[in-house]
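As C-alpha cells, the structure follows; a few thoughts come after it.
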Amino acid sequence: MTAQPSDSRAMPVTDLHPKPADLRNEVISGLRASPKTLPCKYFYDTEGSQLFDRICELEEYYPTRTEIGILESRSKDIARAIGEKAVIIELGSGSSIKTHVLLDALINPAAYVPIDISRDHLIDAAARIASRYADLPVWPVCADFNGQLELPEHGLDDHPHLIFFPGSTIGNFDQKGREVLLRKMAKICRGATRTESPGRLLIGIDLIKDRGRLERAYNDSSGVTAEFNLNLLQRINRELDANFNLDHFVHDAQFNVDDSRIEMHIESRTQQLVEIDGEEIQLGAGERICTELSHKFSIEGFAHLAEHSGWTLAESWTDPEDLFAVLLFETL
Ligand SMILES: C[S@@+](CC[C@H](N)C(=O)[O-])C[C@H]1O[C@@H](n2cnc3c(N)ncnc32)[C@H](O)[C@@H]1O
C-alpha cells in the first residue's frame, strides 16, 4: 500500500531540534581538531534527508531494499513476537518507509513515536503515517538521540515498548557510543512500568561483506552519495554564513577492513582558507574531513555487545545472501 501524502489530524510535535549555536560550536570544534571531523547527524537537513531517500533507491545501495525484504518476509513472526498494543518508538525514523511494513503487520499498536533530528522531513513522514493509520496516535519528537531522550507524556508506560532502529544507523557510532545508546534504549523500555511485558528492540544491522560491494554502495555511479556528503558543506554555508566552494572538495568512501567500517570523508583538493561565521579554518591540499563512519557487524559480535548493554537476543533474521540482519532483542 502506498502512503497518503497529507494529514488532517492534529499531531502534537515535541520540538527539541538542536539550536544554531550547537551546529556552530560542533562544526568549528570539529574542523579545528586533528584529524578534522564533522558530526554525521548534520547531514540531515531537509535537502540531506531528501538526498538520503534518493540513495535508498539506488541499485548499488543494497541495505534499504534488503532490510525491507527481511521485514516483509518475516512480518508475521515479528508481529507474533512483539504481541499486542505495543508503543512503537522509532529512532532516526527518516521517511518511515520501513515503519509501514511493521505497522501493517502489528496487532493493535498503541502509538507511534518517530524520533528524528530532521524536523520538516520528520513531520511530513509522521503526517503520512497518521493519514494512513487513522486510529493510531502519532507523536513525533524532533531531537538529537545523542542527547537526553524524553518521550511525550501520553500514558505510554501502560504499554510494552518496542524500539525500532532500522537502517544500520547504529553503525554510525563507535563501540562506546553504541553501548551508551543501547543502554539508553533499555532504560526507555524500563519506563513502561505498568506492563509485565519486557521491552523490545528491533534493530537492523549491515553485515560484514566483501570490500567491492561495500565500496560500490557508498560511491554510487550517479554521484548521489557524493552530493549527500558535500551537502554538509552546503548546509554550513546556508546556516552559518560560511564560504565553502564545493568545487574545491571531493567525496571519498573507503572500507577499512581492520576496523570493519566504511569511512566517509570530504577531501580538500587544494590548500585553502574557509571562513565560517567569522572564524577562519585552514585546509591543506589532500586534507580530509571525516564525515561518517559506518560500521559493519557479525550477528554474534553485535549480540555480544548488546548483551553487555541491557539486552538479550530473542530472534535474528537475514536475507538469502546474508547482506543484512534484523535482530529482535528483549530487555534483561
Ligand atoms: C541512515 S538514515 C536511516 C533512515 C531510516 N531509519 C531508514 O532506515 O532508512 C539515519 C536517520 O537518522 C536520523 N538521525 C541521524 N542522526 C541523528 C541524531 N543524532 N538524532 C536523531 N536523528 C538522527 C537522520 O535524520 C536519518 O533520518
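For the C-alpha cells, the naming scheme is as follows: chains receive sequential letters (A, B, ...) according to their order of presentation, residues are indexed from 1 within each chain, and ligands are indexed from 1 in presentation order.
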*Exercise answer, 6 Å around ligand 1 with only C-alpha atoms and all ligand atoms, as an MDAnalysis selection string*: chainID A and resid 41 44 92:94 116:118 143:146 166:167 169
Deliver the residues from the most recent selection as a file, using C-alpha atoms, as a PDB file, in the first residue's frame.
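File produced: part_24.pdb:
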ATOM      1  CA  LYS A  41      23.880  13.924  12.281  1.00  0.00           C
ATOM      2  CA  TYR A  44      20.178  15.645   7.759  1.00  0.00           C
ATOM      3  CA  GLY A  92      16.181   8.024  13.230  1.00  0.00           C
ATOM      4  CA  SER A  93      12.827   7.409  11.557  1.00  0.00           C
ATOM      5  CA  GLY A  94      13.599   9.419   8.386  1.00  0.00           C
ATOM      6  CA  ASP A 116      14.479  12.279  14.203  1.00  0.00           C
ATOM      7  CA  ILE A 117      16.765  15.301  14.001  1.00  0.00           C
ATOM      8  CA  SER A 118      15.480  16.417  10.565  1.00  0.00           C
ATOM      9  CA  ALA A 143      15.515  15.540  18.855  1.00  0.00           C
ATOM     10  CA  ASP A 144      19.141  14.507  18.752  1.00  0.00           C
ATOM     11  CA  PHE A 145      19.150  10.967  20.102  1.00  0.00           C
ATOM     12  CA  ASN A 146      22.695  11.534  21.396  1.00  0.00           C
ATOM     13  CA  PRO A 166      16.390   0.216  11.274  1.00  0.00           C
ATOM     14  CA  GLY A 167      18.851   1.295   8.574  1.00  0.00           C
ATOM     15  CA  THR A 169      22.140   3.747  11.890  1.00  0.00           C
TER      16      THR A 169
END
*Pick out each residue of stretch 195-314 of chain A that DSSP on the backbone tags as strand (DSSP E or B); I need them as a PyMOL selection string.*
chain A and resi 200-207+242+249-256+261-268+272-276+279-283+288-295+297+311-314
*asked:* When you look at A:Pro12 with a cut-off of 10 Å (counting only C-alpha atoms), what residues show up, excluding the ones that are within fewer than 6 positions of it in the same chain? I need them as a ChimeraX atom specification.
replied: /A:123,137-141,152
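Restricting the calculation to only C-alpha atoms, the smallest distance between A:Glu26 and any of A:Leu332, A:Ile262, A:Ala192, A:Ile276 is found for A:Ile276.
Using only C-alpha atoms, the shortest contact distance between A:Ala130 and any of A:Ile28, A:Val257, A:Ala10, A:Ala314 is found at A:Ala10.
Atom to atom, atom CA of A:Ile89 and atom CA of A:Ile163 stand 4.8 Å apart.
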*Pick from A:Glu307, A:Gly278, A:Asp77, A:His295, whichever lies nearest to A:Asp174 using only C-alpha atoms*: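 Ranked by minimum distance to A:Asp174, first place goes to A:His295.
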